[in-house]
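Engineer: Dumping the structure here so I can ask a few things about it.
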Amino acid sequence: MSTPVYEKLKHCTDQVASRIRTRPEIGIVLGSGLGAFGSQMNVREIVNYGEIDGFPTSTVKGHSGRYLFGELEGRQVVMMQGRVHYYEGYDMTDVVLPVRLMGMLGIRTILLTNAAGGINPTFGPGTLMMIRDHISVYVPSPLRGPNAEELGTRFPDMSHVYDPGLQDVIRTSAQEEGIALREGVYIQLPGPNFETPSEIAAYRTLGADAAGMSTACEATAMNHMGIRIGGISCITNMAAGLNSAPLTHEEVQETADRVAADFTRLLKAVVRSCPAV
Ligand code: HPA
């Protein structure tokens, strides 16, 4: 028996599939500041989220909201320029619909990027952090509800969400490009408010290095579908309590823009050297 979540996903996927010739092998979700990364790609098709019936349409400023299909570093790629966040009010199944759709189109690898606050005191603004693992708190699992058997199993293992082989590729790519790369644990919080200093202190004791409002739920959905996952955070600010200045979305955007050139180079190198699966 098919589930409503799967039916909706299929409905959205069919519309996109009918409009593209690209057969993407790698999916990339572009976080804050990486919006311009699309210009690196030889774009063949563009599908605006708003043109897909049933698609959760993003409302956040600075997220234009579209899929770009084409070729990057000799690979067939689909990029999400703009993602859907839980804090916008969508069900978690809608939040992960866009990444699942890329899975339905046949991607075997996904690179998830985001802006995050530094909880590890040595991760200052501008640090690039490879995600080794994640913690998800106060947000429901995107797999809650009847299991879509077409996508994956009811109780998926989460021991290696961020593929160890792909982590090696990311490390090596950073080295070869001469880009400093830290590693750590990402914690997903519901947002949209930033955290309190006491919350951040608590998350530090839980083992988190960076805080954000996306990504872990997407990784959970992609892991369910058996897709190889890599994750990189751009630390845009120190998390609450680690310095005295109030946090603003503008600061997040400014730092992300400042780091965009290095982030772009790193991502391209990863796409180039990522082995096919
Ligand atoms: N907290 C949560 N999400 C974020 C932050 C933060 O400090 N910075 C960028 N995204």
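Chain lettering (A, B, ...) mirrors the order of the structure tokens, residue numbering begins at 1 for each chain separately, and ligand numbering begins at 1 in order of display.
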Find the residues of chain A that sit at most 6 Å from ligand 1; for each, write down the nearest two atoms and how far apart they are in Å, to one decimal. Count only C-alpha atoms and all ligand atoms. Sort by chain, then by number going up, and give it as CSV.

Structural biologist:
residue,atom,partner,partner_atom_place_in_ligand_line,distance
A:Ala115,CA,ligand 1,9 (C),4.7
A:Ala116,CA,ligand 1,9 (C),3.7
A:Gly117,CA,ligand 1,7 (O),3.4
A:Phe194,CA,ligand 1,1 (N),5.0
A:Ala211,CA,ligand 1,2 (C),4.7
A:Gly212,CA,ligand 1,3 (N),3.4
A:Met213,CA,ligand 1,3 (N),5.1
A:Thr236,CA,ligand 1,8 (N),5.8
A:Asn237,CA,ligand 1,8 (N),5.7
A:Ala239,CA,ligand 1,7 (O),4.2
A:Val252,CA,ligand 1,9 (C),5.6

Engineer: Would you give me, as a count of residues only, the residues in segment 38-238 of chain A that DSSP reads as strand (DSSP E or B)?

Structural biologist: 61

Engineer: DSSP on the backbone: which residues in segment 125-264 of chain A end up as alpha helix (DSSP H)? Give the answer as an mmCIF file with N, CA, C and O atoms, in the first residue's frame.

Structural biologist:
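Wrote it out as selection-v3.cif, contents follow:
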data_model
loop_
_atom_site.group_PDB
_atom_site.id
_atom_site.type_symbol
_atom_site.label_atom_id
_atom_site.label_comp_id
_atom_site.auth_asym_id
_atom_site.auth_seq_id
_atom_site.Cartn_x
_atom_site.Cartn_y
_atom_site.Cartn_z
ATOM 1 N N PRO A 164 31.841 7.493 5.265
ATOM 2 C CA PRO A 164 33.272 7.617 5.600
ATOM 3 C C PRO A 164 34.153 7.813 4.361
ATOM 4 O O PRO A 164 35.109 8.598 4.403
ATOM 5 N N GLY A 165 33.841 7.131 3.262
ATOM 6 C CA GLY A 165 34.633 7.287 2.040
ATOM 7 C C GLY A 165 34.526 8.704 1.489
ATOM 8 O O GLY A 165 35.516 9.303 1.056
ATOM 9 N N LEU A 166 33.309 9.235 1.527
ATOM 10 C CA LEU A 166 33.087 10.597 1.039
ATOM 11 C C LEU A 166 33.753 11.611 1.974
ATOM 12 O O LEU A 166 34.252 12.654 1.531
ATOM 13 N N GLN A 167 33.795 11.310 3.258
ATOM 14 C CA GLN A 167 34.521 12.183 4.198
ATOM 15 C C GLN A 167 36.000 12.258 3.806
ATOM 16 O O GLN A 167 36.602 13.338 3.847
ATOM 17 N N ASP A 168 36.551 11.119 3.404
ATOM 18 C CA ASP A 168 37.961 11.114 2.955
ATOM 19 C C ASP A 168 38.127 11.986 1.716
ATOM 20 O O ASP A 168 39.104 12.728 1.596
ATOM 21 N N VAL A 169 37.184 11.870 0.797
ATOM 22 C CA VAL A 169 37.242 12.691 -0.429
ATOM 23 C C VAL A 169 37.209 14.180 -0.069
ATOM 24 O O VAL A 169 37.968 14.988 -0.620
ATOM 25 N N ILE A 170 36.356 14.539 0.868
ATOM 26 C CA ILE A 170 36.217 15.956 1.264
ATOM 27 C C ILE A 170 37.519 16.445 1.917
ATOM 28 O O ILE A 170 38.029 17.518 1.597
ATOM 29 N N ARG A 171 38.079 15.619 2.817
ATOM 30 C CA ARG A 171 39.356 15.972 3.472
ATOM 31 C C ARG A 171 40.461 16.182 2.442
ATOM 32 O O ARG A 171 41.175 17.179 2.462
ATOM 33 N N THR A 172 40.598 15.208 1.539
ATOM 34 C CA THR A 172 41.664 15.271 0.531
ATOM 35 C C THR A 172 41.461 16.471 -0.382
ATOM 36 O O THR A 172 42.423 17.170 -0.729
ATOM 37 N N SER A 173 40.210 16.715 -0.771
ATOM 38 C CA SER A 173 39.921 17.851 -1.651
ATOM 39 C C SER A 173 40.332 19.157 -0.980
ATOM 40 O O SER A 173 40.923 20.037 -1.611
ATOM 41 N N ALA A 174 40.029 19.294 0.303
ATOM 42 C CA ALA A 174 40.387 20.520 1.040
ATOM 43 C C ALA A 174 41.898 20.683 1.067
ATOM 44 O O ALA A 174 42.433 21.770 0.817
ATOM 45 N N GLN A 175 42.600 19.576 1.348
ATOM 46 C CA GLN A 175 44.073 19.627 1.385
ATOM 47 C C GLN A 175 44.629 20.073 0.036
ATOM 48 O O GLN A 175 45.462 20.966 -0.042
ATOM 49 N N GLU A 176 44.142 19.420 -1.013
ATOM 50 C CA GLU A 176 44.661 19.725 -2.352
ATOM 51 C C GLU A 176 44.384 21.168 -2.764
ATOM 52 O O GLU A 176 45.157 21.771 -3.486
ATOM 53 N N GLU A 177 43.274 21.697 -2.300
ATOM 54 C CA GLU A 177 42.916 23.079 -2.642
ATOM 55 C C GLU A 177 43.533 24.081 -1.677
ATOM 56 O O GLU A 177 43.341 25.290 -1.825
ATOM 57 N N PRO A 197 22.118 31.309 25.344
ATOM 58 C CA PRO A 197 23.451 30.864 25.784
ATOM 59 C C PRO A 197 23.391 29.562 26.587
ATOM 60 O O PRO A 197 24.264 28.694 26.429
ATOM 61 N N SER A 198 22.373 29.400 27.416
ATOM 62 C CA SER A 198 22.279 28.170 28.224
ATOM 63 C C SER A 198 21.991 26.959 27.343
ATOM 64 O O SER A 198 22.497 25.859 27.599
ATOM 65 N N GLU A 199 21.189 27.154 26.326
ATOM 66 C CA GLU A 199 20.929 26.040 25.396
ATOM 67 C C GLU A 199 22.224 25.641 24.689
ATOM 68 O O GLU A 199 22.548 24.455 24.583
ATOM 69 N N ILE A 200 22.966 26.660 24.235
ATOM 70 C CA ILE A 200 24.218 26.352 23.535
ATOM 71 C C ILE A 200 25.201 25.630 24.474
ATOM 72 O O ILE A 200 25.840 24.648 24.079
ATOM 73 N N ALA A 201 25.268 26.061 25.732
ATOM 74 C CA ALA A 201 26.145 25.381 26.701
ATOM 75 C C ALA A 201 25.709 23.923 26.859
ATOM 76 O O ALA A 201 26.542 23.011 26.940
ATOM 77 N N ALA A 202 24.393 23.703 26.876
ATOM 78 C CA ALA A 202 23.877 22.336 27.002
ATOM 79 C C ALA A 202 24.254 21.497 25.776
ATOM 80 O O ALA A 202 24.687 20.347 25.895
ATOM 81 N N TYR A 203 24.115 22.076 24.588
ATOM 82 C CA TYR A 203 24.415 21.326 23.358
ATOM 83 C C TYR A 203 25.907 21.017 23.256
ATOM 84 O O TYR A 203 26.296 20.003 22.690
ATOM 85 N N ARG A 204 26.730 21.902 23.829
ATOM 86 C CA ARG A 204 28.180 21.634 23.843
ATOM 87 C C ARG A 204 28.459 20.372 24.666
ATOM 88 O O ARG A 204 29.240 19.526 24.261
ATOM 89 N N THR A 205 27.778 20.260 25.807
ATOM 90 C CA THR A 205 28.013 19.061 26.630
ATOM 91 C C THR A 205 27.432 17.822 25.950
ATOM 92 O O THR A 205 27.880 16.713 26.202
ATOM 93 N N LEU A 206 26.472 18.014 25.051
ATOM 94 C CA LEU A 206 25.924 16.870 24.301
ATOM 95 C C LEU A 206 26.888 16.411 23.203
ATOM 96 O O LEU A 206 26.708 15.343 22.627
ATOM 97 N N ALA A 216 20.113 17.973 9.206
ATOM 98 C CA ALA A 216 20.023 16.651 9.837
ATOM 99 C C ALA A 216 18.784 15.905 9.343
ATOM 100 O O ALA A 216 18.840 14.692 9.075
ATOM 101 N N CYS A 217 17.676 16.622 9.189
ATOM 102 C CA CYS A 217 16.458 15.962 8.715
ATOM 103 C C CYS A 217 16.637 15.505 7.259
ATOM 104 O O CYS A 217 16.189 14.415 6.880
ATOM 105 N N GLU A 218 17.327 16.334 6.470
ATOM 106 C CA GLU A 218 17.575 15.939 5.070
ATOM 107 C C GLU A 218 18.482 14.709 5.022
ATOM 108 O O GLU A 218 18.244 13.772 4.236
ATOM 109 N N ALA A 219 19.504 14.710 5.880
ATOM 110 C CA ALA A 219 20.422 13.565 5.909
ATOM 111 C C ALA A 219 19.680 12.299 6.339
ATOM 112 O O ALA A 219 19.922 11.213 5.802
ATOM 113 N N THR A 220 18.759 12.439 7.285
ATOM 114 C CA THR A 220 17.982 11.282 7.754
ATOM 115 C C THR A 220 17.145 10.702 6.607
ATOM 116 O O THR A 220 17.075 9.481 6.420
ATOM 117 N N ALA A 221 16.531 11.590 5.826
ATOM 118 C CA ALA A 221 15.705 11.131 4.696
ATOM 119 C C ALA A 221 16.567 10.503 3.597
ATOM 120 O O ALA A 221 16.177 9.501 2.986
ATOM 121 N N MET A 222 17.738 11.070 3.354
ATOM 122 C CA MET A 222 18.621 10.536 2.302
ATOM 123 C C MET A 222 19.220 9.194 2.734
ATOM 124 O O MET A 222 19.370 8.270 1.936
ATOM 125 N N ASN A 223 19.564 9.089 4.013
ATOM 126 C CA ASN A 223 20.085 7.829 4.552
ATOM 127 C C ASN A 223 19.033 6.725 4.414
ATOM 128 O O ASN A 223 19.354 5.583 4.059
ATOM 129 N N HIS A 224 17.780 7.069 4.651
ATOM 130 C CA HIS A 224 16.664 6.133 4.507
ATOM 131 C C HIS A 224 16.607 5.584 3.086
ATOM 132 O O HIS A 224 16.326 4.408 2.859
ATOM 133 N N HIS A 249 20.587 37.628 11.270
ATOM 134 C CA HIS A 249 20.591 36.914 9.992
ATOM 135 C C HIS A 249 21.576 37.586 9.030
ATOM 136 O O HIS A 249 22.202 36.924 8.197
ATOM 137 N N GLU A 250 21.726 38.915 9.172
ATOM 138 C CA GLU A 250 22.651 39.658 8.289
ATOM 139 C C GLU A 250 24.090 39.188 8.497
ATOM 140 O O GLU A 250 24.844 39.037 7.548
ATOM 141 N N GLU A 251 24.446 38.952 9.777
ATOM 142 C CA GLU A 251 25.807 38.476 10.063
ATOM 143 C C GLU A 251 26.028 37.110 9.394
ATOM 144 O O GLU A 251 27.068 36.847 8.794
ATOM 145 N N VAL A 252 25.018 36.256 9.511
ATOM 146 C CA VAL A 252 25.087 34.922 8.899
ATOM 147 C C VAL A 252 25.337 35.070 7.388
ATOM 148 O O VAL A 252 26.244 34.453 6.819
ATOM 149 N N GLN A 253 24.547 35.944 6.768
ATOM 150 C CA GLN A 253 24.642 36.150 5.321
ATOM 151 C C GLN A 253 26.008 36.731 4.925
ATOM 152 O O GLN A 253 26.629 36.285 3.962
ATOM 153 N N GLU A 254 26.473 37.721 5.702
ATOM 154 C CA GLU A 254 27.745 38.380 5.378
ATOM 155 C C GLU A 254 28.918 37.416 5.435
ATOM 156 O O GLU A 254 29.758 37.386 4.539
ATOM 157 N N THR A 255 28.972 36.618 6.510
ATOM 158 C CA THR A 255 30.083 35.675 6.624
ATOM 159 C C THR A 255 30.004 34.635 5.510
ATOM 160 O O THR A 255 31.011 34.295 4.887
ATOM 161 N N ALA A 256 28.799 34.136 5.264
ATOM 162 C CA ALA A 256 28.628 33.123 4.216
ATOM 163 C C ALA A 256 29.114 33.672 2.870
ATOM 164 O O ALA A 256 29.811 32.979 2.125
ATOM 165 N N ASP A 257 28.800 34.925 2.594
ATOM 166 C CA ASP A 257 29.241 35.542 1.336
ATOM 167 C C ASP A 257 30.764 35.659 1.294
ATOM 168 O O ASP A 257 31.388 35.464 0.256
ATOM 169 N N ARG A 258 31.365 35.984 2.437
ATOM 170 C CA ARG A 258 32.818 36.157 2.509
ATOM 171 C C ARG A 258 33.555 34.834 2.236
ATOM 172 O O ARG A 258 34.631 34.823 1.632
ATOM 173 N N VAL A 259 32.979 33.738 2.673
ATOM 174 C CA VAL A 259 33.635 32.438 2.549
ATOM 175 C C VAL A 259 33.267 31.744 1.229
ATOM 176 O O VAL A 259 33.846 30.724 0.864
ATOM 177 N N ALA A 260 32.316 32.314 0.506
ATOM 178 C CA ALA A 260 31.747 31.631 -0.663
ATOM 179 C C ALA A 260 32.808 31.171 -1.672
ATOM 180 O O ALA A 260 32.687 30.083 -2.241
ATOM 181 N N ALA A 261 33.868 31.962 -1.877
ATOM 182 C CA ALA A 261 34.867 31.605 -2.891
ATOM 183 C C ALA A 261 35.585 30.300 -2.512
ATOM 184 O O ALA A 261 35.730 29.399 -3.345
ATOM 185 N N ASP A 262 36.010 30.190 -1.256
ATOM 186 C CA ASP A 262 36.666 28.953 -0.791
ATOM 187 C C ASP A 262 35.694 27.777 -0.808
ATOM 188 O O ASP A 262 36.042 26.664 -1.207
ATOM 189 N N PHE A 263 34.487 28.035 -0.356
ATOM 190 C CA PHE A 263 33.467 26.989 -0.285
ATOM 191 C C PHE A 263 33.202 26.451 -1.707
ATOM 192 O O PHE A 263 33.114 25.240 -1.943
ATOM 193 N N THR A 264 33.128 27.368 -2.663
ATOM 194 C CA THR A 264 32.899 27.013 -4.063
ATOM 195 C C THR A 264 34.013 26.121 -4.586
ATOM 196 O O THR A 264 33.776 25.086 -5.200
#

Engineer: Work out how far atom CA of Leu97 of chain A is from atom CA of Gly65 of chain A, in Å to one decimal.

Structural biologist: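 Result for atom CA of Gly65 of chain A versus atom CA of Leu97 of chain A: 13.4 Å, one decimal.
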
Engineer: Residues within 12 Å of Asp133 of chain A, please, as a PyMOL selection string. Count only C-alpha atoms; anything in the same chain fewer than 2 positions from it doesn't count.

Structural biologist: chain A and resi 129-131+135-136+158-164+167+183-188+207-210+215-216+219-220+229-233

Engineer: Take the residues from that selection and write them out as a PDB file, in the first residue's frame, keeping C-alpha atoms.

Structural biologist:
ATOM      1  CA  MET A 129      33.406  22.302   9.006  1.00  0.00           C
ATOM      2  CA  MET A 130      32.925  18.869   7.504  1.00  0.00           C
ATOM      3  CA  ILE A 131      30.001  17.170   9.234  1.00  0.00           C
ATOM      4  CA  ILE A 135      22.345  15.330  16.601  1.00  0.00           C
ATOM      5  CA  SER A 136      18.706  16.171  16.058  1.00  0.00           C
ATOM      6  CA  MET A 158      22.133   5.591  11.372  1.00  0.00           C
ATOM      7  CA  SER A 159      25.666   4.452  12.335  1.00  0.00           C
ATOM      8  CA  HIS A 160      27.322   6.032   9.282  1.00  0.00           C
ATOM      9  CA  VAL A 161      25.000   8.727   7.964  1.00  0.00           C
ATOM     10  CA  TYR A 162      27.884  10.783   6.560  1.00  0.00           C
ATOM     11  CA  ASP A 163      29.727   8.316   4.335  1.00  0.00           C
ATOM     12  CA  PRO A 164      33.272   7.617   5.600  1.00  0.00           C
ATOM     13  CA  GLN A 167      34.521  12.183   4.198  1.00  0.00           C
ATOM     14  CA  GLU A 183      35.416  18.490  11.393  1.00  0.00           C
ATOM     15  CA  GLY A 184      32.642  18.103  13.858  1.00  0.00           C
ATOM     16  CA  VAL A 185      29.127  17.256  14.921  1.00  0.00           C
ATOM     17  CA  TYR A 186      26.181  19.318  13.649  1.00  0.00           C
ATOM     18  CA  ILE A 187      23.106  19.776  15.797  1.00  0.00           C
ATOM     19  CA  GLN A 188      19.778  20.617  14.194  1.00  0.00           C
ATOM     20  CA  GLY A 207      28.853  16.849  21.887  1.00  0.00           C
ATOM     21  CA  ALA A 208      27.785  19.385  19.269  1.00  0.00           C
ATOM     22  CA  ASP A 209      30.300  21.592  17.450  1.00  0.00           C
ATOM     23  CA  ALA A 210      27.917  23.605  15.276  1.00  0.00           C
ATOM     24  CA  THR A 215      20.438  19.366   7.164  1.00  0.00           C
ATOM     25  CA  ALA A 216      20.023  16.651   9.837  1.00  0.00           C
ATOM     26  CA  ALA A 219      20.422  13.565   5.909  1.00  0.00           C
ATOM     27  CA  THR A 220      17.982  11.282   7.754  1.00  0.00           C
ATOM     28  CA  ILE A 229      25.824  11.669   2.009  1.00  0.00           C
ATOM     29  CA  GLY A 230      28.481  14.328   2.492  1.00  0.00           C
ATOM     30  CA  GLY A 231      27.958  17.451   4.614  1.00  0.00           C
ATOM     31  CA  ILE A 232      29.812  20.730   5.005  1.00  0.00           C
ATOM     32  CA  SER A 233      28.859  23.648   7.260  1.00  0.00           C
TER      33      SER A 233
END

Engineer: Of the residues A:Tyr6, A:Phe123, A:Tyr49, A:Tyr87, which is the one nearest to Arg66 of chain A, using only C-alpha atoms?

Structural biologist: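 Checking each of A:Tyr6, A:Phe123, A:Tyr49, A:Tyr87 against Arg66 of chain A, counting only C-alpha atoms, the winner is A:Tyr49.
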
Engineer: Report, in Å with one decimal, the straight-line distance from atom CA of Cys12 of chain A to atom CA of Tyr138 of chain A.

Structural biologist: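 Interatomic distance, atom CA of Cys12 of chain A to atom CA of Tyr138 of chain A: 28.1 Å.
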
Engineer: Work out how far apart atom CA of Gly74 of chain A and atom CA of Asn42 of chain A are and give it in Å to one decimal.

Structural biologist: 9.6 Å

Engineer: Counting only C-alpha atoms, what is within 9 Å of Met104 of chain A, bar same-chain residues fewer than 5 positions away, as a ChimeraX atom specification?

Structural biologist: /A:9-10,13,99,151

Engineer: Select, from A:Leu266, A:Met238, A:Leu101, A:Met80, the residue with the minimum atom-to-atom distance to Gly31 of chain A, counting only C-alpha atoms.

Structural biologist: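 Going through A:Leu266, A:Met238, A:Leu101, A:Met80 one by one, the smallest distance to Gly31 of chain A is for A:Met80.
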
Engineer: Excluding Leu105 of chain A and its own-chain neighbours fewer than 4 positions away, which residues fall within 9 Å of it when counting only C-alpha atoms? Please give them as a ChimeraX atom specification.

Structural biologist: /A:13,16-17,23-25,100-101

Engineer: Could you save the residues just selected, with N, CA and C atoms, as a PDB file, in the first residue's frame?

Structural biologist:
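Written output follows (selection30.pdb):
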ATOM      1  N   THR A  13       7.676  14.546  -8.490  1.00  0.00           N
ATOM      2  CA  THR A  13       8.807  14.015  -9.262  1.00  0.00           C
ATOM      3  C   THR A  13       8.447  13.879 -10.739  1.00  0.00           C
ATOM      4  N   VAL A  16       8.726  17.121 -12.620  1.00  0.00           N
ATOM      5  CA  VAL A  16      10.109  17.560 -12.864  1.00  0.00           C
ATOM      6  C   VAL A  16      10.754  16.665 -13.929  1.00  0.00           C
ATOM      7  N   ALA A  17      10.554  15.356 -13.793  1.00  0.00           N
ATOM      8  CA  ALA A  17      11.182  14.406 -14.721  1.00  0.00           C
ATOM      9  C   ALA A  17      10.775  14.685 -16.162  1.00  0.00           C
ATOM     10  N   ARG A  23      20.400  13.477 -16.432  1.00  0.00           N
ATOM     11  CA  ARG A  23      20.216  12.336 -15.524  1.00  0.00           C
ATOM     12  C   ARG A  23      21.179  12.518 -14.363  1.00  0.00           C
ATOM     13  N   PRO A  24      20.781  13.291 -13.344  1.00  0.00           N
ATOM     14  CA  PRO A  24      21.743  13.677 -12.310  1.00  0.00           C
ATOM     15  C   PRO A  24      22.222  12.497 -11.474  1.00  0.00           C
ATOM     16  N   GLU A  25      23.507  12.536 -11.203  1.00  0.00           N
ATOM     17  CA  GLU A  25      24.163  11.496 -10.417  1.00  0.00           C
ATOM     18  C   GLU A  25      24.477  12.042  -9.018  1.00  0.00           C
ATOM     19  N   ARG A 100      14.243  14.336  -1.305  1.00  0.00           N
ATOM     20  CA  ARG A 100      13.742  13.026  -1.738  1.00  0.00           C
ATOM     21  C   ARG A 100      13.476  13.021  -3.239  1.00  0.00           C
ATOM     22  N   LEU A 101      13.001  14.146  -3.741  1.00  0.00           N
ATOM     23  CA  LEU A 101      12.708  14.225  -5.179  1.00  0.00           C
ATOM     24  C   LEU A 101      13.986  14.001  -5.994  1.00  0.00           C
TER      25      LEU A 101
END
